[in-house]
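See below for the structure under consideration.
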Amino acid sequence: MSQDGSPTGIEVSKFFEVRQTQYGRACFASQDIPKGVEILISNSPFATVILHEFRKEVCSSCFGYEYGKYCKVKLTDLPEFKSNKKFRGAGLWFCSEKCMEDWLKFDSKGELTQAFETFLEFYQTKTKSPAPETTEFNPKITTEYIELYWKDIEDWESKASKMKKTKLLGKLPYLDEDEYTGARLIIHALYNIYQNHESLETFKELQTNELQKVGRFPALLRSQASIYQVLKTILPDYLQPFLTIETIRLIFGREYGNSFGTWQLVDDKSSENKEFLGYSLFPEASFFNHSCSPNLKKYRKVNRMHFQTTADIAKGEQMCIDYFHMLDESLMVRQEVLSKNWFFECACDRCDEEFRSESYQVKPPPKQIY
Ligand SMILES: [Zn+2]
Ligand SMILES: [Zn+2]
C-alpha cells in the first residue's frame with residue numbers, strides 16, 4: 001500500500017502525515033502503530049444535516065434515531081418560545097430535554113436557531129403554494145457552462161441588491177425537499193465559518209468534484225443556484241459576509257465526495273437494511289483514501305468521528321478507510337458504487353487481486369488513487 005508523496009503541511013494527527021501523491025492527498029503512518037489504536041478523533045463537524053424526510057425522527061443534537069418515531073422535544077416547548085406564536089421550532093427536533101439543552105448551550109446566542117427559523121419560515125410559506133412544474137434542465141455540462149451559469153447568478157445578485165426585499169421574496173425560486181436539506185447544510189457551514197473563520201481553510205484543501213458531480217446530475221447546478229438566491233435574500237446580516245458564490249460552490253463541490261453519512265443500521269449490517277439519515281462534513285478526517293481492505297475503522301460518537309487501526313500498521317504505510325460499508329459486496333458492486341458515488345475506479349490491493357483472479361476476465365483499472 002505504500003506510495004510516496006511530499007508532505008502537504010496539513011497537520012491532523014501525530015500518527016500520520018497527509019502527503020501529496022501523484023493521485024491526490026493520502027495519509028501515511030508517521031510511526032509503527034499497533035492494531036486497536038485510536039489515531040484520530042475529529043472536531044465537531046464543519047457542517048451537518050439531517051435529510052428532510054427524517055427531520056422529525058432524528059435528534060438534532062445526538063443524531064439518535066428512534067426507528068420512525070417522532071422526536072418528542074422541540075424548542076417550542078420552552079417558555080421563551082411558547083410566548084411567540086409565530087415561532088416554528090427552527091426545524092429542530094430532540095430526543096430528550098438533555099439534548100435540547102446541549103443545543104441551547106452550543107448555540108448560546110440563538111443565532112443559528114434564528115437562521116434556521118428564518119429559512120423554515122421562507123420554506124413553509126413558499127411550499128404552501130403547489131410546486132411549479134419542473135422544467136427540463138439537461139444541458140451539456142462543461143467547466144465553461146458552469147462558470148457562465150454562476151455569472152448569471154452574479155448578475156442577478158447585483159440587480160437584486162437594488163430591489164425591495166418584499167418584491168424579491170416573491171420572485172425567489174421554489175425549493176424542493178433535497179434543496180431544503182442542501183440549504184440547511186449551507187446555513188450550518190456558514191455559521192461555523194462565522195464562529196471560526198479558519199474552519200473553511202482545511203475544507204478548502206479537499207478535492208472538488210464539482211464538474212463530475214454536476215456533469216452527472218446537471219439539475220444540481222440549478223438547485224445550488226436556487227439555494228444561493230434564497231439564502232442571499234433571507235439570511236440574517238451576520239451570515240451574509242460569508243455567503244458568496246465562491247463559498248457555496250466550494251462547499252457543494254466538496255461535500256459530495258467528502259461527507260460522512262449518518263446511518264442507522266436496522267437489524268443487521270447488510271446494505272439493504274440501513275437508512276441514510278443525513279450527513280456531516282469532517283474536513284480533517286477526509287484525507288483518508290478508500291480501500292476495500294482497509295486498515296482503519298471509523299465510527300461516530302455523537303457528533304465526532306473516531307478512527308481506529310484494525311491491523312498493525314508500519315511507518316510509511318498508507319492508512320485507509322472503507323467509504324460505504326460495502327466490504328461484503330462483490331468486486332463489481334464495489335467498483336460500481338465507488339465510481340458512481342466517488343468518481344474513481346478503486347484499484348486497492350484487494351480489487352487488484354480479485355480482478356486478476358480467474359472469476360473475472362476483465363482488465364483491472366490502472367493502479368491509481370484509492
Ligand atoms: Zn438526542
Ligand atoms: Zn477496492
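Order determines the names: the first chain of the C-alpha cells is A, the second B, and so forth; residues in each chain are numbered 1 upward, and ligands are numbered 1 upward as they are shown.
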
Report as JSON lines: every residue of range 109-221 of chain A with an atom at most 8 Å from range 240-254 of chain A, its closest pair of atoms, and their distance in Å to one decimal, counting only C-alpha atoms, with rows sorted by chain and ascending residue number.
```
{"residue": "A:Trp150", "atom": "CA", "partner": "A:Ile245", "partner_atom": "CA", "distance": 7.5}
{"residue": "A:Glu154", "atom": "CA", "partner": "A:Ile245", "partner_atom": "CA", "distance": 7.7}
{"residue": "A:Ile186", "atom": "CA", "partner": "A:Ile248", "partner_atom": "CA", "distance": 7.3}
{"residue": "A:Leu190", "atom": "CA", "partner": "A:Phe242", "partner_atom": "CA", "distance": 6.3}
{"residue": "A:Ile193", "atom": "CA", "partner": "A:Phe242", "partner_atom": "CA", "distance": 7.2}
{"residue": "A:Tyr194", "atom": "CA", "partner": "A:Phe242", "partner_atom": "CA", "distance": 7.0}
{"residue": "A:Phe203", "atom": "CA", "partner": "A:Arg254", "partner_atom": "CA", "distance": 7.9}
{"residue": "A:Lys204", "atom": "CA", "partner": "A:Leu250", "partner_atom": "CA", "distance": 7.2}
{"residue": "A:Leu206", "atom": "CA", "partner": "A:Arg254", "partner_atom": "CA", "distance": 6.7}
{"residue": "A:Gln207", "atom": "CA", "partner": "A:Arg254", "partner_atom": "CA", "distance": 6.3}
{"residue": "A:Thr208", "atom": "CA", "partner": "A:Arg254", "partner_atom": "CA", "distance": 4.6}
{"residue": "A:Asn209", "atom": "CA", "partner": "A:Gly253", "partner_atom": "CA", "distance": 5.2}
{"residue": "A:Glu210", "atom": "CA", "partner": "A:Gly253", "partner_atom": "CA", "distance": 4.2}
{"residue": "A:Leu211", "atom": "CA", "partner": "A:Gly253", "partner_atom": "CA", "distance": 8.0}
{"residue": "A:Lys213", "atom": "CA", "partner": "A:Gly253", "partner_atom": "CA", "distance": 7.7}
```

- Message: as a ChimeraX atom specification, please: every residue in range 8-234 of chain A that DSSP puts in helix (DSSP H, G or I).
- Response: /A:52-54,75-77,79-82,97-106,111-126,143-160,165-171,177-195,199-204,210-216,219-234

- Selection: 12 Å around range 173-179 of chain A, only C-alpha atoms, excl. self and same-chain fewer than 5 positions, as a ChimeraX atom specification: /A:49-55,119-120,122-134,168,184-186,219-231,233,252,278

For the residues in that selection, give me C-alpha atoms as a tab-separated table (two decimals), in the first residue's frame.
```
chain	number	residue	atom	x	y	z
A	49	VAL	CA	-27.56	17.96	8.12
A	50	ILE	CA	-30.48	15.59	8.57
A	51	LEU	CA	-32.45	14.75	5.42
A	52	HIS	CA	-35.85	16.42	5.11
A	53	GLU	CA	-37.53	13.02	5.23
A	54	PHE	CA	-36.06	12.22	8.64
A	55	ARG	CA	-36.04	15.71	10.15
A	119	PHE	CA	-35.20	29.68	6.42
A	120	LEU	CA	-38.04	27.47	7.68
A	122	PHE	CA	-39.50	31.03	3.92
A	123	TYR	CA	-39.70	27.35	3.02
A	124	GLN	CA	-43.06	26.70	4.65
A	125	THR	CA	-44.61	29.86	3.23
A	126	LYS	CA	-43.36	29.03	-0.25
A	127	THR	CA	-44.43	25.40	-0.17
A	128	LYS	CA	-47.98	26.37	0.79
A	129	SER	CA	-48.48	27.00	-2.91
A	130	PRO	CA	-48.24	23.97	-5.17
A	131	ALA	CA	-44.80	23.25	-6.62
A	132	PRO	CA	-44.29	24.68	-10.10
A	133	GLU	CA	-43.94	22.15	-12.86
A	134	THR	CA	-40.35	21.12	-13.19
A	168	LEU	CA	-37.53	39.96	-4.27
A	184	ARG	CA	-29.63	23.71	5.87
A	185	LEU	CA	-26.20	22.23	5.28
A	186	ILE	CA	-25.00	25.58	3.92
A	219	ALA	CA	-30.10	19.69	-12.19
A	220	LEU	CA	-27.81	20.10	-9.18
A	221	LEU	CA	-26.38	23.24	-10.73
A	222	ARG	CA	-29.82	24.81	-10.84
A	223	SER	CA	-30.54	23.60	-7.30
A	224	GLN	CA	-27.33	25.07	-5.93
A	225	ALA	CA	-28.01	28.41	-7.58
A	226	SER	CA	-31.60	28.44	-6.24
A	227	ILE	CA	-30.33	27.75	-2.72
A	228	TYR	CA	-27.85	30.58	-3.11
A	229	GLN	CA	-30.53	33.03	-4.27
A	230	VAL	CA	-32.82	32.14	-1.40
A	231	LEU	CA	-30.15	32.32	1.30
A	233	THR	CA	-32.08	37.12	0.22
A	252	PHE	CA	-21.17	21.91	-2.73
A	278	GLY	CA	-28.18	12.63	6.81
```

- Task: With a distance cut-off of 7 Å and only C-alpha atoms, select the neighbouring residues of range 279-287 of chain A, excluding the residue or stretch itself and same-chain residues fewer than 3 positions from it, and output the selection as a list in words.
- Result: Val12, Arg25, Ala26, Cys27, Ser42, Pro45, Phe46, Ala47, Thr48, Val49, Ile50, Thr202, Phe203, Glu255, Asn258, Ser259, Phe260, Gly261 and Thr262 of chain A

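The residues sitting within 8 Å of ligand 1, with only C-alpha atoms and all ligand atoms considered, come out as Val58, Cys59, Ser60, Ser61, Cys62, Phe63, Gly64, Phe94, Cys95, Ser96, Lys98, Cys99 and Met100 of chain A.
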
Taking only C-alpha atoms and all ligand atoms into account, list the residues no farther than 6 Å from ligand 2, as a PDB file with C-alpha atoms, in the first residue's frame.
```pdb
ATOM      1  CA  SER A 291      -9.606   0.674   0.356  1.00  0.00           C
ATOM      2  CA  CYS A 292     -11.714  -2.485   0.119  1.00  0.00           C
ATOM      3  CA  CYS A 346     -10.875   1.501  -6.997  1.00  0.00           C
ATOM      4  CA  ALA A 347      -7.517  -0.119  -7.549  1.00  0.00           C
ATOM      5  CA  CYS A 348      -6.792  -1.166  -3.986  1.00  0.00           C
ATOM      6  CA  ARG A 350      -7.973  -6.370  -2.866  1.00  0.00           C
ATOM      7  CA  CYS A 351      -9.690  -5.160  -6.041  1.00  0.00           C
TER       8      CYS A 351
END
```

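Residue-level DSSP output for range 21-124 of chain A, from the backbone, shows strand (DSSP E) at Thr21, Gly24, Arg25, Ala26, Cys27, Phe28, Ala29, Glu38, Ile39, Leu40, Ile41, Ala47, Thr48, Val49 and Ile50 of chain A.
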